[in-house]
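A.B. asks: Below is the structure I would like to discuss, written out as structure tokens.
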Amino acid sequence: MTDVDTDLLVIGAGACGLAGAIAAHDSGISVAIVEKLARPGGNSSLSTGSVPGAGSRFQRDAGIEDAPDRLVADLLATAGHHDADGLTRRMAEQSAPLVEWLIDDLGARMELVTAYKHVGHSVPRLHAPRSRRGQDLVDDLLGFVADRGIPLAVGNPVDRLIVEDGAVQGAVVAGEPIRASKVLVATNGFAGNREMVARWCPEIAPAEYFGALGSTGEAASWGEEIGAALGNMGAYQGYAAVAYPQGSLLSWTTIEKGGILVSADGKRFGNEDAGYSGFAPNVMGQGEMAYAVYDRRIHEIAAQEEEYAELAEMGGVRWADTPEGLAGHMEVDGAALADTVTAYNAAARGAAADAFGRRKFELAPLAAPFAIVRVKPGLFHTQGGLMVDADARVLRPDGSVVENLFAGGGAAAGISGRTGAGGYASGNGLLTALALGRLAGLRAARDLRG
């Protein structure tokens, strides 16, 4: 055994860790990945696999004008300023090279999405698997890891980091020390740790958690132990419309394209333009359940997404020719719902102001036949974590670097605001996961190989 067992030890086998391992391996250093669960993927597998790429060649081919500056403006308009402001620009500048690396260099099965822009984006710039399933992207990344012979050990939890003289020198994995020149913490956030959520994100603490089981906050705990800086700890991604009882995410396309959300009394309760994350606290205030209402035209667009199509096949989407008729399927006041749809349609036609200030009506006014889905709000993942620099190196409160330690994805402070759910723009999670993982792998190799 040499002084180190591997040049780079990656902790966590989600999108961040897999991208970091691939980038480091292709830059000429040895890599090993450990994952505490029996199955890799984490929250990346549960996502839609969407990654923004501002100014990508795929946008140019589609005649879409975009640039990092525009993405920065969109992100700041959504999230405002926060603890990781510098990271916002870095991620925007890396976004197009990232998706081109994934698709052109690695061969990931992704494409530019033009059917919708989704929350926080002024132009179509999300790149995703055709299925809109993050598992497909994870499967591609796992294939690239296997093709390169990169060791991946599942079922191997990390007990603690090895720190000597203030520098990280590896980790104790399932009771055994692994020495490494560099360590990338690519674990997820802390949304699955009820105590941590109550401490840092109390407004969403009562909500049911719908993310990956492994999101238990090790990165934040290790960071506090070694004196690293934490940032944006109050920020999180909620989801306003988890289909019940199916448990799948109701595609926000149903709302973005003109659908509405109502409570059991048949009335709307806010401006759905806030997005699937920002609107989650509004839904929490309506009791246990809420109801999404839209029409056949919107359904046909959403049906292009596999998860939504499966929800419809399972009977999660119910139909009626009138709003009153929808009440026969769900616990909704039909007369009040009819009044709500009438008022909303008038606003969509421009005949009246929307009661909640909604401005984006897309395909509305709604027309028969009408669809309804029972939904509940949920917590998907947290957005706070270890503060990192432009190359994903972990920082101390004074701005100095924790030697040999990198972090990305849910382990690192994100770009979705300082607190609350309203700062999350679609794709923020995977953008910071993949881009920071890749940057960490490249920087680790540069440090070790020159």
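By order in the structure tokens, chains are A, B, ...; within a chain, residues start at 1; ligands start at 1, following the order shown.
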Give me, as JSON lines, the closest atom pair and its distance (Å, one decimal) for every residue of range 285-369 of chain A within a cut-off of 10 Å of range 94-116 of chain A, counting only C-alpha atoms, rows sorted by chain and rising number.

C.D. replies:
{"residue": "A:Ile301", "atom": "CA", "partner": "A:Ala115", "partner_atom": "CA", "distance": 7.8}
{"residue": "A:Ala302", "atom": "CA", "partner": "A:Ala115", "partner_atom": "CA", "distance": 9.4}
{"residue": "A:Gln304", "atom": "CA", "partner": "A:Ala115", "partner_atom": "CA", "distance": 9.5}

A.B. asks: Find the residues around Val293 in chain A up to 8 Å (only C-alpha atoms counted), leave out those fewer than 3 positions away in its own chain, and share them as an NGL selection string.

C.D. replies: :A and (259-262 or 370-373)

A.B. asks: Next, the residues of the selection above should be written as a PDB file, in the first residue's frame with N, CA, C and O atoms.

C.D. replies:
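The new file result.pdb reads:
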ATOM      1  N   GLY A 259     -53.003  25.436 -15.698  1.00  0.00           N
ATOM      2  CA  GLY A 259     -53.814  24.837 -14.659  1.00  0.00           C
ATOM      3  C   GLY A 259     -53.781  25.637 -13.370  1.00  0.00           C
ATOM      4  O   GLY A 259     -52.994  26.583 -13.210  1.00  0.00           O
ATOM      5  N   ILE A 260     -54.652  25.263 -12.437  1.00  0.00           N
ATOM      6  CA  ILE A 260     -54.734  25.963 -11.150  1.00  0.00           C
ATOM      7  C   ILE A 260     -54.731  24.947 -10.016  1.00  0.00           C
ATOM      8  O   ILE A 260     -54.929  23.741 -10.227  1.00  0.00           O
ATOM      9  N   LEU A 261     -54.517  25.443  -8.803  1.00  0.00           N
ATOM     10  CA  LEU A 261     -54.623  24.631  -7.597  1.00  0.00           C
ATOM     11  C   LEU A 261     -55.714  25.212  -6.717  1.00  0.00           C
ATOM     12  O   LEU A 261     -55.774  26.431  -6.508  1.00  0.00           O
ATOM     13  N   VAL A 262     -56.564  24.350  -6.195  1.00  0.00           N
ATOM     14  CA  VAL A 262     -57.653  24.781  -5.323  1.00  0.00           C
ATOM     15  C   VAL A 262     -57.642  23.931  -4.061  1.00  0.00           C
ATOM     16  O   VAL A 262     -57.086  22.827  -4.026  1.00  0.00           O
ATOM     17  N   PHE A 370     -62.432  18.665 -18.349  1.00  0.00           N
ATOM     18  CA  PHE A 370     -61.558  19.121 -17.282  1.00  0.00           C
ATOM     19  C   PHE A 370     -60.955  17.922 -16.542  1.00  0.00           C
ATOM     20  O   PHE A 370     -61.602  16.882 -16.396  1.00  0.00           O
ATOM     21  N   ALA A 371     -59.709  18.140 -16.061  1.00  0.00           N
ATOM     22  CA  ALA A 371     -59.014  17.103 -15.295  1.00  0.00           C
ATOM     23  C   ALA A 371     -58.802  17.583 -13.862  1.00  0.00           C
ATOM     24  O   ALA A 371     -58.669  18.783 -13.607  1.00  0.00           O
ATOM     25  N   ILE A 372     -58.746  16.632 -12.940  1.00  0.00           N
ATOM     26  CA  ILE A 372     -58.461  16.958 -11.545  1.00  0.00           C
ATOM     27  C   ILE A 372     -57.563  15.879 -10.957  1.00  0.00           C
ATOM     28  O   ILE A 372     -57.695  14.692 -11.271  1.00  0.00           O
ATOM     29  N   VAL A 373     -56.613  16.295 -10.127  1.00  0.00           N
ATOM     30  CA  VAL A 373     -55.697  15.379  -9.450  1.00  0.00           C
ATOM     31  C   VAL A 373     -55.608  15.804  -7.987  1.00  0.00           C
ATOM     32  O   VAL A 373     -55.408  16.989  -7.689  1.00  0.00           O
TER      33      VAL A 373
END

A.B. asks: Do a neighbour search on Val283 in chain A at 9 Å with only C-alpha atoms, toss out local chain neighbours closer than 3 positions, and write the hits as a short mmCIF file (atom, residue, chain, number, x, y, z; two decimals) with N, CA and C atoms, in the first residue's frame.

C.D. replies:
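Output contents, as saved in out.cif:
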data_model
loop_
_atom_site.label_atom_id
_atom_site.label_comp_id
_atom_site.auth_asym_id
_atom_site.auth_seq_id
_atom_site.Cartn_x
_atom_site.Cartn_y
_atom_site.Cartn_z
N ALA A 240 -45.13 21.46 -4.56
CA ALA A 240 -46.49 21.83 -4.22
C ALA A 240 -47.51 20.77 -4.58
N ALA A 241 -47.17 19.81 -5.42
CA ALA A 241 -48.19 18.92 -5.99
C ALA A 241 -47.67 17.50 -6.13
N LEU A 261 -54.52 25.44 -8.80
CA LEU A 261 -54.62 24.63 -7.60
C LEU A 261 -55.71 25.21 -6.72
N VAL A 262 -56.56 24.35 -6.19
CA VAL A 262 -57.65 24.78 -5.32
C VAL A 262 -57.64 23.93 -4.06
N SER A 263 -58.28 24.46 -3.01
CA SER A 263 -58.45 23.70 -1.78
C SER A 263 -59.78 22.97 -1.83
N PHE A 269 -55.97 29.72 -3.81
CA PHE A 269 -55.45 30.29 -2.57
C PHE A 269 -54.12 31.00 -2.77
N GLY A 270 -53.77 31.32 -4.02
CA GLY A 270 -52.53 32.03 -4.26
C GLY A 270 -52.18 32.06 -5.74
N PHE A 279 -44.54 27.63 -4.30
CA PHE A 279 -45.95 27.55 -3.95
C PHE A 279 -46.23 26.48 -2.90
N ALA A 280 -45.23 25.67 -2.55
CA ALA A 280 -45.44 24.59 -1.58
C ALA A 280 -45.94 25.10 -0.24
N GLN A 286 -53.38 24.82 3.34
CA GLN A 286 -54.75 24.44 2.97
C GLN A 286 -55.24 23.16 3.64
N GLY A 287 -54.47 22.65 4.55
CA GLY A 287 -54.84 21.37 5.14
C GLY A 287 -54.07 20.25 4.48
N GLU A 288 -54.55 19.04 4.64
CA GLU A 288 -53.78 17.89 4.19
C GLU A 288 -53.72 17.78 2.68
N MET A 289 -54.79 18.17 1.97
CA MET A 289 -54.85 17.96 0.53
C MET A 289 -55.20 19.24 -0.22
N ALA A 290 -54.83 19.27 -1.49
CA ALA A 290 -55.27 20.29 -2.43
C ALA A 290 -55.57 19.57 -3.74
N LYS A 376 -50.74 16.71 -2.51
CA LYS A 376 -50.33 17.21 -1.21
C LYS A 376 -48.94 17.81 -1.34
N PRO A 377 -48.55 18.73 -0.46
CA PRO A 377 -47.22 19.34 -0.55
C PRO A 377 -46.17 18.44 0.08
#

A.B. asks: Output as number ranges by chain all residues of range 84-165 of chain A that backbone DSSP marks as strand (DSSP E).

C.D. replies: A: 111-112, 126-128, 152-153, 158-164

A.B. asks: Can I get the selection written as a PDB file, in the first residue's frame, with N, CA and C atoms?

C.D. replies:
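The file below, part31.pdb, is the result:
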ATOM      1  N   GLU A 111     -31.612  15.861 -24.242  1.00  0.00           N
ATOM      2  CA  GLU A 111     -31.978  16.756 -25.332  1.00  0.00           C
ATOM      3  C   GLU A 111     -32.483  18.068 -24.762  1.00  0.00           C
ATOM      4  N   LEU A 112     -32.455  19.107 -25.576  1.00  0.00           N
ATOM      5  CA  LEU A 112     -33.008  20.387 -25.175  1.00  0.00           C
ATOM      6  C   LEU A 112     -34.527  20.279 -25.113  1.00  0.00           C
ATOM      7  N   LEU A 126     -33.530  24.118 -20.448  1.00  0.00           N
ATOM      8  CA  LEU A 126     -33.347  22.866 -19.729  1.00  0.00           C
ATOM      9  C   LEU A 126     -33.016  21.749 -20.709  1.00  0.00           C
ATOM     10  N   HIS A 127     -32.028  20.942 -20.358  1.00  0.00           N
ATOM     11  CA  HIS A 127     -31.635  19.770 -21.131  1.00  0.00           C
ATOM     12  C   HIS A 127     -31.905  18.553 -20.247  1.00  0.00           C
ATOM     13  N   ALA A 128     -32.617  17.567 -20.775  1.00  0.00           N
ATOM     14  CA  ALA A 128     -33.066  16.452 -19.946  1.00  0.00           C
ATOM     15  C   ALA A 128     -33.188  15.187 -20.766  1.00  0.00           C
ATOM     16  N   LEU A 152     -16.627   1.393  -7.512  1.00  0.00           N
ATOM     17  CA  LEU A 152     -17.808   1.941  -6.854  1.00  0.00           C
ATOM     18  C   LEU A 152     -18.287   0.921  -5.843  1.00  0.00           C
ATOM     19  N   ALA A 153     -18.221   1.267  -4.561  1.00  0.00           N
ATOM     20  CA  ALA A 153     -18.598   0.346  -3.490  1.00  0.00           C
ATOM     21  C   ALA A 153     -19.865   0.849  -2.819  1.00  0.00           C
ATOM     22  N   VAL A 158     -19.749   6.249   5.260  1.00  0.00           N
ATOM     23  CA  VAL A 158     -18.568   6.920   5.807  1.00  0.00           C
ATOM     24  C   VAL A 158     -18.853   7.306   7.251  1.00  0.00           C
ATOM     25  N   ASP A 159     -17.977   6.886   8.160  1.00  0.00           N
ATOM     26  CA  ASP A 159     -18.135   7.199   9.579  1.00  0.00           C
ATOM     27  C   ASP A 159     -17.680   8.623   9.894  1.00  0.00           C
ATOM     28  N   ARG A 160     -16.554   9.011   9.307  1.00  0.00           N
ATOM     29  CA  ARG A 160     -16.011  10.348   9.566  1.00  0.00           C
ATOM     30  C   ARG A 160     -14.905  10.642   8.573  1.00  0.00           C
ATOM     31  N   LEU A 161     -14.570  11.915   8.446  1.00  0.00           N
ATOM     32  CA  LEU A 161     -13.417  12.320   7.650  1.00  0.00           C
ATOM     33  C   LEU A 161     -12.147  12.153   8.470  1.00  0.00           C
ATOM     34  N   ILE A 162     -11.061  11.864   7.804  1.00  0.00           N
ATOM     35  CA  ILE A 162      -9.749  11.843   8.455  1.00  0.00           C
ATOM     36  C   ILE A 162      -9.128  13.221   8.278  1.00  0.00           C
ATOM     37  N   VAL A 163      -8.888  13.907   9.374  1.00  0.00           N
ATOM     38  CA  VAL A 163      -8.338  15.261   9.333  1.00  0.00           C
ATOM     39  C   VAL A 163      -7.052  15.290  10.151  1.00  0.00           C
ATOM     40  N   GLU A 164      -5.981  15.744   9.530  1.00  0.00           N
ATOM     41  CA  GLU A 164      -4.684  15.839  10.192  1.00  0.00           C
ATOM     42  C   GLU A 164      -4.101  17.215   9.941  1.00  0.00           C
TER      43      GLU A 164
END

A.B. asks: Just asking: which residues within range 143-246 of chain A are alpha helix (DSSP H) according to DSSP, as a PDB file with N, CA and C atoms, in the first residue's frame?

C.D. replies:
ATOM      1  N   GLY A 143     -23.008   3.958 -16.218  1.00  0.00           N
ATOM      2  CA  GLY A 143     -22.385   3.254 -17.330  1.00  0.00           C
ATOM      3  C   GLY A 143     -21.025   3.834 -17.673  1.00  0.00           C
ATOM      4  N   PHE A 144     -20.905   5.158 -17.638  1.00  0.00           N
ATOM      5  CA  PHE A 144     -19.617   5.791 -17.935  1.00  0.00           C
ATOM      6  C   PHE A 144     -18.583   5.439 -16.866  1.00  0.00           C
ATOM      7  N   VAL A 145     -19.028   5.361 -15.597  1.00  0.00           N
ATOM      8  CA  VAL A 145     -18.134   4.972 -14.509  1.00  0.00           C
ATOM      9  C   VAL A 145     -17.660   3.530 -14.711  1.00  0.00           C
ATOM     10  N   ALA A 146     -18.587   2.653 -15.050  1.00  0.00           N
ATOM     11  CA  ALA A 146     -18.227   1.245 -15.253  1.00  0.00           C
ATOM     12  C   ALA A 146     -17.288   1.082 -16.446  1.00  0.00           C
ATOM     13  N   ASP A 147     -17.539   1.813 -17.520  1.00  0.00           N
ATOM     14  CA  ASP A 147     -16.688   1.735 -18.708  1.00  0.00           C
ATOM     15  C   ASP A 147     -15.244   2.098 -18.387  1.00  0.00           C
ATOM     16  N   ARG A 194     -35.055  14.870  10.367  1.00  0.00           N
ATOM     17  CA  ARG A 194     -36.115  15.713  10.920  1.00  0.00           C
ATOM     18  C   ARG A 194     -35.577  16.770  11.873  1.00  0.00           C
ATOM     19  N   GLU A 195     -34.573  16.418  12.661  1.00  0.00           N
ATOM     20  CA  GLU A 195     -34.021  17.372  13.620  1.00  0.00           C
ATOM     21  C   GLU A 195     -33.336  18.527  12.911  1.00  0.00           C
ATOM     22  N   MET A 196     -32.572  18.225  11.867  1.00  0.00           N
ATOM     23  CA  MET A 196     -31.884  19.277  11.129  1.00  0.00           C
ATOM     24  C   MET A 196     -32.885  20.164  10.383  1.00  0.00           C
ATOM     25  N   VAL A 197     -33.927  19.567   9.800  1.00  0.00           N
ATOM     26  CA  VAL A 197     -34.928  20.367   9.100  1.00  0.00           C
ATOM     27  C   VAL A 197     -35.616  21.305  10.083  1.00  0.00           C
ATOM     28  N   ALA A 198     -35.953  20.803  11.256  1.00  0.00           N
ATOM     29  CA  ALA A 198     -36.582  21.648  12.267  1.00  0.00           C
ATOM     30  C   ALA A 198     -35.649  22.778  12.712  1.00  0.00           C
ATOM     31  N   ARG A 199     -34.369  22.504  12.723  1.00  0.00           N
ATOM     32  CA  ARG A 199     -33.383  23.514  13.147  1.00  0.00           C
ATOM     33  C   ARG A 199     -33.221  24.612  12.112  1.00  0.00           C
ATOM     34  N   TRP A 200     -33.114  24.227  10.845  1.00  0.00           N
ATOM     35  CA  TRP A 200     -32.762  25.212   9.820  1.00  0.00           C
ATOM     36  C   TRP A 200     -33.920  25.603   8.891  1.00  0.00           C
ATOM     37  N   GLU A 218     -24.977  14.322   6.690  1.00  0.00           N
ATOM     38  CA  GLU A 218     -23.593  14.105   7.118  1.00  0.00           C
ATOM     39  C   GLU A 218     -22.677  15.276   6.751  1.00  0.00           C
ATOM     40  N   ALA A 219     -22.856  15.836   5.559  1.00  0.00           N
ATOM     41  CA  ALA A 219     -21.961  16.909   5.119  1.00  0.00           C
ATOM     42  C   ALA A 219     -22.000  18.092   6.078  1.00  0.00           C
ATOM     43  N   ALA A 220     -23.191  18.495   6.488  1.00  0.00           N
ATOM     44  CA  ALA A 220     -23.306  19.616   7.420  1.00  0.00           C
ATOM     45  C   ALA A 220     -22.672  19.267   8.760  1.00  0.00           C
ATOM     46  N   SER A 221     -22.871  18.046   9.230  1.00  0.00           N
ATOM     47  CA  SER A 221     -22.283  17.638  10.508  1.00  0.00           C
ATOM     48  C   SER A 221     -20.761  17.627  10.431  1.00  0.00           C
ATOM     49  N   TRP A 222     -20.228  17.030   9.375  1.00  0.00           N
ATOM     50  CA  TRP A 222     -18.768  17.017   9.213  1.00  0.00           C
ATOM     51  C   TRP A 222     -18.232  18.438   9.095  1.00  0.00           C
ATOM     52  N   GLY A 223     -18.944  19.281   8.369  1.00  0.00           N
ATOM     53  CA  GLY A 223     -18.498  20.659   8.217  1.00  0.00           C
ATOM     54  C   GLY A 223     -18.410  21.379   9.539  1.00  0.00           C
ATOM     55  N   GLU A 224     -19.415  21.216  10.375  1.00  0.00           N
ATOM     56  CA  GLU A 224     -19.368  21.867  11.689  1.00  0.00           C
ATOM     57  C   GLU A 224     -18.231  21.319  12.536  1.00  0.00           C
ATOM     58  N   GLU A 225     -17.970  20.011  12.410  1.00  0.00           N
ATOM     59  CA  GLU A 225     -16.897  19.393  13.196  1.00  0.00           C
ATOM     60  C   GLU A 225     -15.527  19.941  12.829  1.00  0.00           C
ATOM     61  N   ILE A 226     -15.301  20.236  11.549  1.00  0.00           N
ATOM     62  CA  ILE A 226     -13.969  20.682  11.121  1.00  0.00           C
ATOM     63  C   ILE A 226     -13.880  22.194  10.963  1.00  0.00           C
TER      64      ILE A 226
END
